[in-house]
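Raw contents of input.cif, mmCIF, C-alpha atoms:
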```cif
data_my_file
#
loop_
_atom_site.label_atom_id
_atom_site.label_comp_id
_atom_site.auth_asym_id
_atom_site.auth_seq_id
_atom_site.Cartn_x
_atom_site.Cartn_y
_atom_site.Cartn_z
CA MET A 1 -12.94 136.29 -116.88
CA PRO A 2 -11.57 132.85 -116.06
CA LEU A 3 -7.95 133.79 -116.86
CA LEU A 4 -7.93 136.97 -114.75
CA PRO A 5 -6.16 135.33 -111.74
CA SER A 6 -3.46 133.86 -114.02
CA LEU A 7 -2.93 137.14 -115.90
CA TYR A 8 -2.78 139.18 -112.71
CA ASN A 9 -0.42 136.70 -111.05
CA LEU A 10 2.09 136.85 -113.92
CA ALA A 11 1.64 140.63 -114.25
CA PHE A 12 2.55 141.04 -110.56
CA TRP A 13 5.56 138.71 -110.84
CA LEU A 14 6.84 140.69 -113.84
CA SER A 15 6.08 144.22 -112.66
CA ARG A 16 6.75 143.53 -108.95
CA ASN A 17 4.03 145.84 -107.66
CA ALA A 18 0.23 145.84 -107.41
CA ALA A 19 -0.47 149.15 -109.17
CA ASP A 20 1.60 148.27 -112.25
CA ALA A 21 0.13 144.77 -112.31
CA GLU A 22 -3.41 146.21 -112.35
CA ASP A 23 -2.51 148.62 -115.17
CA LEU A 24 -0.92 145.81 -117.12
CA VAL A 25 -3.94 143.55 -116.77
CA GLN A 26 -6.36 146.35 -117.63
CA GLU A 27 -4.44 147.28 -120.79
CA THR A 28 -4.19 143.62 -121.77
CA PHE A 29 -7.91 143.20 -121.24
CA LEU A 30 -8.77 146.23 -123.40
CA LYS A 31 -6.39 145.15 -126.18
CA ALA A 32 -7.89 141.68 -126.12
CA LEU A 33 -11.42 143.10 -126.35
CA ARG A 34 -10.58 145.43 -129.21
CA GLY A 35 -8.44 142.93 -131.06
CA PHE A 36 -10.59 139.87 -130.53
CA ALA A 37 -11.31 139.74 -134.27
CA SER A 38 -7.63 138.92 -134.80
CA PHE A 39 -7.94 135.80 -132.64
CA GLU A 40 -8.08 132.75 -134.90
CA PRO A 41 -10.76 130.29 -133.79
CA GLY A 42 -9.20 126.92 -133.05
CA SER A 43 -5.89 128.41 -131.95
CA ASN A 44 -4.90 128.59 -128.31
CA PHE A 45 -6.73 131.43 -126.55
CA LYS A 46 -4.51 131.24 -123.49
CA ALA A 47 -1.33 131.62 -125.59
CA TRP A 48 -2.98 134.50 -127.48
CA ILE A 49 -3.93 136.48 -124.37
CA PHE A 50 -0.61 135.82 -122.61
CA ARG A 51 1.11 137.10 -125.74
CA ILE A 52 -0.85 140.35 -125.45
CA LEU A 53 0.08 140.60 -121.75
CA ARG A 54 3.74 139.94 -122.52
CA ASN A 55 3.89 142.48 -125.36
CA THR A 56 2.12 145.04 -123.18
CA TYR A 57 4.65 144.40 -120.42
CA LEU A 58 7.60 144.73 -122.82
CA THR A 59 6.47 148.20 -123.85
CA SER A 60 5.60 149.28 -120.30
CA ARG A 61 7.90 151.43 -118.18
CA THR A 62 8.91 148.52 -115.93
CA GLY A 63 9.29 146.16 -118.88
CA LEU A 64 11.56 148.50 -120.81
CA ALA A 65 13.67 149.15 -117.72
CA ALA A 66 13.99 145.45 -116.90
CA ASN A 67 14.89 144.52 -120.46
CA ARG A 68 17.60 147.14 -120.68
CA THR A 69 19.24 146.26 -117.40
CA VAL A 70 18.82 142.53 -116.99
CA ALA A 71 18.01 140.56 -120.14
CA LEU A 72 21.21 141.24 -122.02
CA GLU A 73 23.39 140.56 -119.00
CA ASP A 74 21.60 137.28 -118.62
CA GLU A 75 22.01 136.30 -122.25
CA LEU A 76 25.73 137.02 -122.15
CA GLN A 77 26.29 135.30 -118.84
CA ALA A 78 24.87 132.16 -120.36
CA GLY A 79 27.93 131.56 -122.46
CA GLY A 80 29.83 134.72 -123.19
CA GLU A 81 32.15 135.73 -120.41
CA ALA A 82 31.75 132.55 -118.43
CA GLY A 83 32.52 130.37 -121.46
CA PRO A 84 30.76 127.27 -122.70
CA ALA A 85 30.65 125.65 -119.27
CA ALA A 86 27.79 127.97 -118.33
CA TYR A 87 25.62 126.43 -121.03
CA PRO A 88 22.98 124.06 -119.74
CA GLU A 89 24.03 121.27 -122.08
CA ALA A 90 27.66 121.45 -121.10
CA ALA A 91 27.50 120.06 -117.61
CA ILE A 92 24.92 118.80 -115.18
CA ASP A 93 25.25 120.33 -111.75
CA ARG A 94 25.29 117.68 -109.09
CA GLN A 95 23.92 119.27 -105.97
CA THR A 96 23.05 117.12 -103.04
CA PRO A 97 19.49 115.89 -103.57
CA GLU A 98 18.75 116.15 -99.86
CA MET A 99 19.69 119.81 -99.86
CA ASN A 100 17.45 120.48 -102.86
CA LEU A 101 14.56 118.69 -101.20
CA LEU A 102 14.92 120.84 -98.10
CA GLN A 103 15.07 124.01 -100.13
CA MET A 104 12.20 123.13 -102.44
CA ALA A 105 9.96 122.45 -99.48
CA ASP A 106 10.53 126.03 -98.40
CA ARG A 107 8.01 127.99 -100.45
CA ALA A 108 9.40 131.36 -99.39
CA ALA A 109 12.92 130.32 -100.40
CA LEU A 110 11.71 129.27 -103.83
CA GLN A 111 9.73 132.49 -104.27
CA ALA A 112 12.85 134.45 -103.34
CA ALA A 113 14.80 132.42 -105.90
CA MET A 114 12.12 133.14 -108.52
CA GLU A 115 12.44 136.85 -107.80
CA THR A 116 16.09 136.70 -108.82
CA LEU A 117 15.24 135.43 -112.30
CA PRO A 118 15.38 137.95 -115.16
CA PRO A 119 12.01 138.47 -116.88
CA ALA A 120 12.96 136.33 -119.89
CA LEU A 121 13.52 133.30 -117.66
CA LEU A 122 10.76 134.06 -115.17
CA GLU A 123 8.04 134.26 -117.83
CA VAL A 124 9.07 131.01 -119.50
CA ILE A 125 9.21 129.00 -116.27
CA PHE A 126 5.95 130.59 -115.12
CA LEU A 127 4.07 129.60 -118.27
CA CYS A 128 5.58 126.10 -118.18
CA ASP A 129 5.24 125.21 -114.49
CA VAL A 130 2.53 127.46 -113.05
CA GLU A 131 0.28 127.69 -116.13
CA GLU A 132 1.20 124.18 -117.35
CA MET A 133 1.39 125.31 -120.97
CA LYS A 134 3.00 123.16 -123.66
CA TYR A 135 6.28 124.31 -125.24
CA ARG A 136 4.46 124.98 -128.53
CA ASP A 137 1.99 127.35 -126.85
CA ILE A 138 4.73 129.03 -124.82
CA ALA A 139 6.58 129.67 -128.08
CA ILE A 140 3.45 131.35 -129.47
CA ALA A 141 2.89 133.40 -126.31
CA LEU A 142 6.50 134.59 -126.10
CA GLU A 143 7.06 134.80 -129.87
CA ILE A 144 10.24 132.76 -129.72
CA PRO A 145 11.24 129.47 -131.38
CA ILE A 146 10.58 126.22 -129.47
CA GLY A 147 14.34 125.63 -129.25
CA THR A 148 14.69 128.91 -127.37
CA VAL A 149 11.81 127.90 -125.05
CA MET A 150 13.66 124.67 -124.24
CA SER A 151 17.00 126.30 -123.59
CA ARG A 152 15.43 129.07 -121.50
CA ILE A 153 13.55 126.53 -119.38
CA ALA A 154 16.80 124.63 -118.79
CA ARG A 155 18.56 127.86 -117.85
CA ALA A 156 15.70 129.01 -115.61
CA ARG A 157 15.74 125.76 -113.61
CA LEU A 158 19.52 125.85 -113.39
CA ALA A 159 19.29 129.45 -112.13
CA LEU A 160 16.66 128.47 -109.56
CA ARG A 161 18.81 125.62 -108.25
CA THR A 162 21.83 127.91 -108.08
CA ALA A 163 19.86 130.56 -106.19
CA LEU A 164 18.51 127.93 -103.78
CA ALA A 165 22.01 126.59 -103.23
CA ALA A 166 23.28 130.12 -102.52
CA GLN A 167 20.48 130.65 -99.98
CA HIS A 168 21.31 127.32 -98.38
CA MET A 169 24.97 128.30 -98.04
CA LEU A 170 24.01 131.66 -96.53
CA SER A 171 21.68 130.10 -93.97
CA ARG A 172 24.38 127.56 -93.00
CA GLU A 173 26.92 130.33 -92.54
CA SER A 174 24.53 132.39 -90.44
CA ARG A 175 23.84 129.36 -88.24
CA ALA A 176 27.55 128.57 -87.83
CA MET B 177 28.44 105.66 -117.93
CA THR B 178 29.96 108.91 -119.09
CA ASP B 179 27.41 110.46 -121.47
CA HIS B 180 24.62 111.93 -119.41
CA LEU B 181 21.32 113.22 -120.71
CA SER B 182 21.46 116.92 -121.54
CA HIS B 183 19.66 119.51 -119.43
CA VAL B 184 17.28 120.19 -122.30
CA ILE B 185 16.31 116.51 -122.60
CA LEU B 186 15.93 116.12 -118.84
CA ASN B 187 13.71 119.19 -118.66
CA ALA B 188 11.64 118.08 -121.63
CA LEU B 189 11.28 114.72 -119.86
CA VAL B 190 9.81 116.24 -116.69
CA ASP B 191 7.65 118.59 -118.79
CA GLY B 192 6.22 115.66 -120.77
CA GLU B 193 7.54 117.10 -124.04
CA LEU B 194 9.67 114.22 -125.36
CA THR B 195 8.59 112.38 -128.48
CA PRO B 196 7.91 108.63 -128.00
CA ASP B 197 11.32 107.79 -129.49
CA GLN B 198 13.13 110.30 -127.29
CA LEU B 199 11.21 109.05 -124.25
CA ALA B 200 12.14 105.43 -124.96
CA SER B 201 15.78 106.41 -125.38
CA ALA B 202 15.74 108.49 -122.16
CA ASP B 203 14.08 105.60 -120.28
CA ARG B 204 16.81 103.22 -121.42
CA HIS B 205 19.47 105.68 -120.23
CA LEU B 206 17.78 106.32 -116.87
CA ALA B 207 17.55 102.56 -116.21
CA GLY B 208 21.34 102.43 -116.05
CA CYS B 209 22.25 105.90 -114.79
CA PRO B 210 21.46 106.75 -111.15
CA THR B 211 22.96 110.24 -111.57
CA CYS B 212 20.54 111.28 -114.29
CA THR B 213 17.66 109.52 -112.52
CA SER B 214 18.39 111.52 -109.39
CA TYR B 215 18.66 114.71 -111.40
CA ALA B 216 15.37 114.04 -113.23
CA LEU B 217 13.66 113.42 -109.88
CA ASN B 218 15.05 116.69 -108.59
CA GLN B 219 13.86 118.58 -111.67
CA SER B 220 10.45 117.02 -111.25
CA LEU B 221 10.28 118.12 -107.61
CA LEU B 222 11.48 121.59 -108.57
CA LYS B 223 8.75 121.82 -111.22
CA ALA B 224 6.05 120.85 -108.70
CA ALA B 225 7.41 123.25 -106.10
CA THR B 226 7.64 126.11 -108.64
CA ALA B 227 4.03 125.50 -109.67
CA LYS B 228 2.95 126.00 -106.03
CA ALA B 229 5.32 128.87 -105.24
CA GLY B 230 4.31 130.69 -108.42
CA LEU B 231 0.70 130.97 -107.31
CA ARG B 232 1.34 133.99 -105.17
CA TYR B 233 -0.79 136.98 -106.14
CA GLN B 234 -4.57 137.20 -106.31
CA PRO B 235 -6.37 139.96 -108.22
CA PRO B 236 -8.10 142.42 -105.88
CA PRO B 237 -11.95 142.43 -106.07
CA HIS B 238 -12.05 146.02 -107.35
CA LEU B 239 -10.03 145.02 -110.43
CA LYS B 240 -12.62 142.51 -111.51
CA GLU B 241 -15.36 145.13 -111.10
CA ARG B 242 -13.35 147.71 -113.04
CA LEU B 243 -12.76 145.28 -115.90
CA ALA B 244 -16.46 144.39 -116.00
CA ARG B 245 -17.31 148.12 -116.30
CA LEU B 246 -14.73 148.54 -119.07
CA ALA B 247 -16.15 145.55 -120.94
CA SER B 248 -19.60 147.08 -120.75
CA GLN B 249 -18.34 150.48 -121.98
CA GLU B 250 -16.44 148.82 -124.83
CA GLY B 251 -19.55 146.88 -125.78
CA SER B 252 -21.71 150.00 -125.99
CA ARG B 253 -18.94 151.88 -127.83
CA ALA B 254 -18.72 149.15 -130.47
CA GLN B 255 -22.50 149.05 -130.75
CA SER B 256 -22.78 152.78 -131.27
CA SER B 257 -20.03 152.83 -133.90
CA GLY B 258 -20.10 149.56 -135.79
CA PHE B 259 -23.67 148.31 -135.56
CA ALA B 260 -25.67 151.51 -135.66
CA PRO B 261 -27.91 150.62 -138.62
CA ALA B 262 -29.88 148.00 -136.73
CA SER B 263 -30.81 150.35 -133.90
CA ILE B 264 -31.52 153.35 -136.12
CA SER B 265 -33.58 151.66 -138.80
CA PRO B 266 -36.95 151.69 -136.93
CA ARG B 267 -36.79 155.48 -136.61
CA ARG B 268 -35.81 155.79 -140.24
CA SER B 269 -38.88 153.79 -141.28
CA GLY B 270 -41.08 156.68 -140.11
CA TRP B 271 -39.62 158.82 -142.89
CA GLY B 272 -41.36 156.66 -145.51
CA PHE B 273 -38.10 156.02 -147.32
CA GLY B 274 -38.02 159.48 -148.79
CA SER B 275 -34.86 160.73 -150.36
CA LEU B 276 -33.49 161.82 -146.97
CA GLY B 277 -34.02 158.29 -145.67
CA TRP B 278 -32.03 156.77 -148.53
CA VAL B 279 -29.27 159.33 -148.09
CA ALA B 280 -29.10 158.54 -144.36
CA ALA B 281 -29.03 154.80 -145.10
CA ALA B 282 -26.21 155.33 -147.62
CA VAL B 283 -24.24 157.43 -145.11
CA ILE B 284 -24.68 154.77 -142.43
CA LEU B 285 -23.67 152.03 -144.86
CA LEU B 286 -20.63 154.01 -145.91
CA ALA B 287 -19.69 154.64 -142.28
CA SER B 288 -20.05 150.93 -141.45
CA VAL B 289 -17.91 149.90 -144.42
CA SER B 290 -15.29 152.51 -143.50
CA ILE B 291 -15.19 151.24 -139.92
CA MET B 292 -14.79 147.68 -141.20
CA LEU B 293 -11.96 148.72 -143.53
CA VAL B 294 -10.22 150.63 -140.73
CA GLN B 295 -10.60 147.62 -138.42
CA ARG B 296 -9.14 145.30 -141.06
CA ALA B 297 -6.26 147.68 -141.70
CA THR B 298 -5.63 147.82 -137.95
CA GLN B 299 -5.70 144.02 -137.77
CA ARG B 300 -3.26 143.76 -140.67
CA ALA B 301 -0.99 146.28 -138.97
CA GLU B 302 -1.20 144.30 -135.71
CA ILE B 303 -0.37 141.03 -137.51
CA ALA B 304 2.58 142.72 -139.26
CA SER B 305 3.72 144.11 -135.93
CA VAL B 306 3.55 140.64 -134.32
CA GLU B 307 5.50 139.16 -137.26
CA HIS B 308 8.14 141.88 -136.93
CA ALA B 309 8.37 141.25 -133.19
CA ALA B 310 8.81 137.50 -133.80
CA LEU B 311 11.51 138.13 -136.42
CA ILE B 312 13.36 140.57 -134.15
CA THR B 313 13.24 138.07 -131.26
CA GLU B 314 14.54 135.27 -133.45
CA VAL B 315 17.45 137.20 -135.03
CA PHE B 316 18.33 138.71 -131.67
CA ASP B 317 18.44 135.24 -130.05
CA GLN B 318 20.52 133.81 -132.87
CA HIS B 319 22.98 136.71 -132.88
CA VAL B 320 23.43 136.55 -129.10
CA ALA B 321 23.87 132.76 -129.35
CA THR B 322 26.55 133.30 -132.00
CA LEU B 323 28.36 135.77 -129.73
CA ALA B 324 28.00 133.53 -126.71
CA ASP B 325 29.01 130.29 -128.44
CA ASN B 326 32.35 131.78 -129.41
CA MET B 327 32.55 129.03 -132.02
CA ALA B 328 34.14 129.40 -135.42
CA PRO B 329 31.70 130.10 -138.27
CA GLN B 330 30.76 127.14 -140.45
CA VAL B 331 32.67 128.80 -143.28
CA VAL B 332 35.59 130.91 -142.10
CA SER B 333 36.77 133.33 -144.74
CA THR B 334 37.18 137.01 -145.39
CA ASP B 335 36.86 136.31 -149.12
CA ARG B 336 33.40 136.85 -150.60
CA HIS B 337 34.30 134.43 -153.41
CA THR B 338 34.68 131.68 -150.81
CA VAL B 339 31.68 132.53 -148.64
CA LYS B 340 29.09 132.89 -151.41
CA PRO B 341 29.82 129.59 -153.23
CA TRP B 342 29.78 127.73 -149.89
CA PHE B 343 25.99 128.21 -149.83
CA GLN B 344 25.46 126.50 -153.21
CA GLY B 345 23.04 123.63 -152.72
CA LYS B 346 22.43 124.62 -149.09
CA ILE B 347 19.88 127.40 -149.59
CA PRO B 348 17.22 127.74 -152.30
CA PHE B 349 18.40 131.18 -153.47
CA SER B 350 21.55 133.08 -154.32
CA PHE B 351 22.83 136.46 -153.22
CA ASN B 352 25.65 138.89 -153.85
CA LEU B 353 28.25 140.13 -151.40
CA PRO B 354 29.55 143.70 -151.75
CA GLN B 355 32.89 144.07 -153.43
CA THR B 356 33.79 147.08 -151.30
CA LEU B 357 32.87 147.29 -147.65
CA PRO B 358 32.59 150.44 -145.52
CA ALA B 359 35.69 151.52 -143.60
CA ASP B 360 36.86 149.25 -140.76
CA THR B 361 34.36 146.55 -141.80
CA ALA B 362 35.40 142.98 -142.55
CA LEU B 363 33.73 139.70 -143.42
CA ASP B 364 34.43 136.93 -140.86
CA GLY B 365 32.52 134.08 -142.45
CA ALA B 366 29.02 132.69 -142.46
CA ASN B 367 26.65 130.08 -141.07
CA LEU B 368 23.73 128.21 -142.51
CA THR B 369 20.87 128.69 -140.09
CA TYR B 370 17.07 128.83 -139.96
CA LEU B 371 14.53 131.59 -139.40
CA GLY B 372 10.87 130.63 -139.12
CA ASP B 373 11.67 127.13 -140.48
CA GLN B 374 13.32 128.63 -143.60
CA PRO B 375 17.01 128.13 -144.43
CA VAL B 376 18.85 131.43 -144.30
CA ALA B 377 22.41 132.66 -144.76
CA GLN B 378 23.87 134.22 -141.61
CA LEU B 379 26.72 136.45 -142.76
CA LEU B 380 29.17 137.39 -140.04
CA TYR B 381 30.85 140.75 -140.25
CA ARG B 382 32.95 142.81 -137.90
CA ILE B 383 32.76 146.60 -137.71
CA GLY B 384 35.70 147.67 -135.59
CA ARG B 385 35.42 145.32 -132.63
CA HIS B 386 31.64 144.98 -132.92
CA ARG B 387 30.32 141.78 -134.41
CA VAL B 388 27.42 141.88 -136.84
CA SER B 389 25.05 139.17 -138.07
CA VAL B 390 23.20 139.69 -141.33
CA PHE B 391 20.48 137.16 -142.06
CA LEU B 392 19.51 136.80 -145.73
CA ARG B 393 16.41 134.93 -146.81
CA GLN B 394 13.94 134.81 -149.66
CA ASN B 395 11.30 137.47 -149.26
CA SER B 396 8.06 135.69 -148.42
CA ALA B 397 5.89 138.68 -149.35
CA GLU B 398 4.95 139.15 -153.00
CA ALA B 399 5.89 142.80 -152.92
CA GLU B 400 8.94 144.15 -151.18
CA THR B 401 8.15 144.71 -147.54
CA LYS B 402 8.56 148.06 -145.88
CA PRO B 403 11.95 148.12 -144.14
CA PHE B 404 11.99 148.59 -140.40
CA ALA B 405 14.53 149.31 -137.69
CA ALA B 406 14.27 148.35 -134.04
CA GLU B 407 16.29 148.18 -130.89
CA ARG B 408 16.40 145.38 -128.35
CA ALA B 409 18.52 145.30 -125.22
CA GLY B 410 21.11 147.64 -126.72
CA PHE B 411 21.26 145.84 -130.06
CA HIS B 412 20.10 147.50 -133.27
CA VAL B 413 18.08 145.51 -135.79
CA MET B 414 17.75 146.79 -139.37
CA ASP B 415 15.67 145.17 -142.05
CA PHE B 416 15.98 145.68 -145.79
CA SER B 417 14.69 144.04 -148.90
CA ALA B 418 16.07 144.03 -152.40
CA ASN B 419 15.57 141.95 -155.47
CA GLY B 420 13.37 139.31 -153.84
CA LEU B 421 15.59 138.93 -150.79
CA GLU B 422 15.00 140.14 -147.26
CA GLY B 423 17.96 140.94 -145.04
CA VAL B 424 18.03 141.59 -141.31
CA ALA B 425 21.18 142.98 -139.71
CA VAL B 426 21.74 142.94 -135.95
CA SER B 427 24.60 144.36 -133.91
CA ASP B 428 25.43 146.58 -130.97
CA VAL B 429 27.51 148.86 -133.20
CA ASP B 430 26.55 152.49 -133.79
CA PRO B 431 23.38 152.40 -135.94
CA ALA B 432 24.86 154.81 -138.52
CA ARG B 433 27.75 152.39 -139.17
CA LEU B 434 25.39 149.42 -139.29
CA ALA B 435 23.30 151.35 -141.83
CA GLU B 436 26.40 151.75 -144.03
CA LEU B 437 26.90 147.98 -144.14
CA VAL B 438 23.18 147.43 -144.78
CA SER B 439 23.32 149.91 -147.63
CA ALA B 440 26.36 148.15 -149.17
CA LEU B 441 24.58 144.78 -148.96
CA LYS B 442 21.40 146.21 -150.43
CA ASN B 443 23.27 147.77 -153.34
CA ALA B 444 25.10 144.50 -153.96
CA GLN B 445 21.80 142.72 -154.51
CA ALA B 446 20.81 145.19 -157.23
CA GLY B 447 22.57 143.16 -159.91
CA ALA B 448 21.68 139.74 -158.49
CA GLN B 449 18.60 137.83 -159.52
CA PRO B 450 17.46 135.41 -156.81
CA GLN B 451 17.50 131.97 -158.33
CA SER B 452 15.18 129.21 -157.27
CA LYS B 453 16.89 125.86 -157.34
#
```
Show me the file's structure as structure tokens.
Amino acid sequence: MPLLPSLYNLAFWLSRNAADAEDLVQETFLKALRGFASFEPGSNFKAWIFRILRNTYLTSRTGLAANRTVALEDELQAGGEAGPAAYPEAAIDRQTPEMNLLQMADRAALQAAMETLPPALLEVIFLCDVEEMKYRDIAIALEIPIGTVMSRIARARLALRTALAAQHMLSRESRA
Amino acid sequence: MTDHLSHVILNALVDGELTPDQLASADRHLAGCPTCTSYALNQSLLKAATAKAGLRYQPPPHLKERLARLASQEGSRAQSSGFAPASISPRRSGWGFGSLGWVAAAVILLASVSIMLVQRATQRAEIASVEHAALITEVFDQHVATLADNMAPQVVSTDRHTVKPWFQGKIPFSFNLPQTLPADTALDGANLTYLGDQPVAQLLYRIGRHRVSVFLRQNSAEAETKPFAAERAGFHVMDFSANGLEGVAVSDVDPARLAELVSALKNAQAGAQPQSK
């Protein structure tokens, strides 16, 4: 089971607790075993099994709850109420590079920032950066077009930088 | 330099996803733009840091053992159901292939074929379910993008005789728009867009203050597909097919009112023959 650590890691990030993560991985594993005949030889096994994990999560109790409460808010915030300026393409945020470097070196700060991401952004950045999957395979795993993968990655990184900046401001205020 | 690289291009750059042409163009820009160079460096550092920070949780040893046990149980279950003939045949040989032996062999063969057919049907159902999920995701994303963009439709008109002809030469099929719409429903316009690499008509309606997208495309299946309805993040998605066209409507309006619009659109197609151009 070479992908077990990766599956469990993402399952824990998405479900936010060990018991749910174990259930999620176990259900994914059973579905993969029973549905292995549907796997097309030559296609990407990693994308296939992450797709099963993701679909299992979406129909799980935590997945349904997260989708109802967070995903829509996130989609609308991207350009609805805040207007076009919130779109990634509209403007590049120009934070101080030194500040970013300090924050990025702080693993705990970045993990805290990752925890603030809604599932739709967390899963895409996880597959891209942690699992080093190509956009094409991420699109297969998440069942979304490549254009959506690209815009979600841009939004996820923007959200991470914003969260890191907010943490930085808070720590400066607490020191002052 | 005023035109900076977009976020999407900068992210694709650090992810190694640019085509050679895009990469060459981005390189030329970065050579003269310290702002974008600094931003790209930051994104690159963020990517590396996220890769490390993301590796946070390790599976507990008991999970691996449990999964190994499950795999073993699944293996024996499959063997006892799907591949029984091989293990039973030596015992059967002792019967001297009498009539009972042939009957047993036929029953086993029948059972194996039935299991195979059930498995194939299950696989087909799973594939259809994955395709539905992909379609729902795509129309949901496009509808939310339309709401969020707050941009005018490509063709702005409440007149069906303006909206329908606008698609001539843009999509490889034709469609009808209902003459009479349900109460409090109005046509806002339409966009030419794509679903699964196919050109589709995105019709924009308004029911009360709720906005509705209806995507119309040529039905890829030979026979009309079974319609489905789904819900995602508070939005209702309704699929219908009529006369060689497949339509998918998405909105956050009350599903009964969305169904009225879907029904009007479906009825409108009854007299329309899809034309290949």
Interatomic distance, CA of Leu368 (chain B) to CA of Leu392 (chain B) (Å, one decimal): 10.1 Å
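With distances taken over all atoms listed in the file, B:Leu243 is the one residue among B:Leu243, B:Ala435, B:Leu194, B:Val424 lying closest to chain A.
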At most 6 Å to chain A: residues in chain B, only C-alpha atoms, as a ChimeraX atom specification: /B:182-184,223,227,229-230,233-235,310,324,409
Going by the chain IDs and residue numbers used in this file, which residues fall under the PyMOL selection byres ((chain B and resi 203-212) around 9)? Write them as a PyMOL selection string. (chain A and resi 92+94) or (chain B and resi 177+180-181+186+198-202+213-217)
Test item: residues at most 6 Å from region 354-364 of chain B, all atoms listed in the file, excluding those fewer than 4 positions along its chain, as a PDB file with C-alpha atoms, keeping the file's coordinate frame:
```pdb
ATOM      1  CA  SER B 333      36.770 133.330-144.740  1.00  0.00           C
ATOM      2  CA  THR B 334      37.180 137.010-145.390  1.00  0.00           C
ATOM      3  CA  LEU B 380      29.170 137.390-140.040  1.00  0.00           C
ATOM      4  CA  TYR B 381      30.850 140.750-140.250  1.00  0.00           C
ATOM      5  CA  ARG B 382      32.950 142.810-137.900  1.00  0.00           C
ATOM      6  CA  ILE B 383      32.760 146.600-137.710  1.00  0.00           C
ATOM      7  CA  GLY B 384      35.700 147.670-135.590  1.00  0.00           C
ATOM      8  CA  LEU B 441      24.580 144.780-148.960  1.00  0.00           C
ATOM      9  CA  ALA B 444      25.100 144.500-153.960  1.00  0.00           C
TER      10      ALA B 444
END
```
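CA of Gly410 (chain B) lies 21.8 Å from CA of Val124 (chain A).
Taking CA of Val332 (chain B) and CA of Ala366 (chain B) as the two end points, the separation is 6.8 Å.
In this comparison, which uses all atoms listed in the file, the residue of A:Glu115, A:Asp137, A:Glu123, A:Glu173 approaching Ser43 (chain A) most closely is A:Asp137.
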I'd like the residues picked by the PyMOL selection byres ((chain B and resi 393) around 9) written out as a VMD selection string, using the chain letters and numbers from the file. chain B and resid 347 349 371 374 to 377 391 to 392 394 to 396 420 to 424
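Every residue that the PyMOL selection byres ((chain A and resi 47) around 8) selects in this file is listed here: Asn44, Phe45, Lys46, Trp48, Ile49, Phe50, Arg51, Asp137, Ile138, Ile140 and Ala141 of chain A.
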Since the input is missing atoms, can you rebuild N, CA and C atoms for region 238-250 of chain B and write them as a compact mmCIF listing (two decimals), in the frame of the given file?
```txt
# COMPACT_ATOMS: atom_id res chain seq x y z
N HIS B 238 -11.70 144.82 -106.58
CA HIS B 238 -12.05 146.02 -107.35
C HIS B 238 -11.57 145.94 -108.81
N LEU B 239 -10.53 145.13 -109.06
CA LEU B 239 -10.03 145.02 -110.43
C LEU B 239 -11.04 144.31 -111.31
N LYS B 240 -11.62 143.27 -110.75
CA LYS B 240 -12.62 142.51 -111.51
C LYS B 240 -13.81 143.41 -111.85
N GLU B 241 -14.24 144.21 -110.86
CA GLU B 241 -15.36 145.13 -111.10
C GLU B 241 -15.01 146.17 -112.17
N ARG B 242 -13.78 146.69 -112.07
CA ARG B 242 -13.35 147.71 -113.04
C ARG B 242 -13.33 147.13 -114.46
N LEU B 243 -12.84 145.90 -114.57
CA LEU B 243 -12.76 145.28 -115.90
C LEU B 243 -14.16 145.01 -116.45
N ALA B 244 -15.08 144.64 -115.55
CA ALA B 244 -16.46 144.39 -116.00
C ALA B 244 -17.07 145.69 -116.54
N ARG B 245 -16.80 146.81 -115.85
CA ARG B 245 -17.31 148.12 -116.30
C ARG B 245 -16.71 148.48 -117.66
N LEU B 246 -15.40 148.23 -117.79
CA LEU B 246 -14.73 148.54 -119.07
C LEU B 246 -15.31 147.70 -120.21
N ALA B 247 -15.59 146.44 -119.91
CA ALA B 247 -16.15 145.55 -120.94
C ALA B 247 -17.50 146.08 -121.40
N SER B 248 -18.28 146.55 -120.43
CA SER B 248 -19.60 147.08 -120.75
C SER B 248 -19.48 148.35 -121.60
N GLN B 249 -18.54 149.24 -121.21
CA GLN B 249 -18.34 150.48 -121.98
C GLN B 249 -17.85 150.17 -123.40
N GLU B 250 -16.95 149.20 -123.51
CA GLU B 250 -16.44 148.82 -124.83
C GLU B 250 -17.56 148.28 -125.70
```
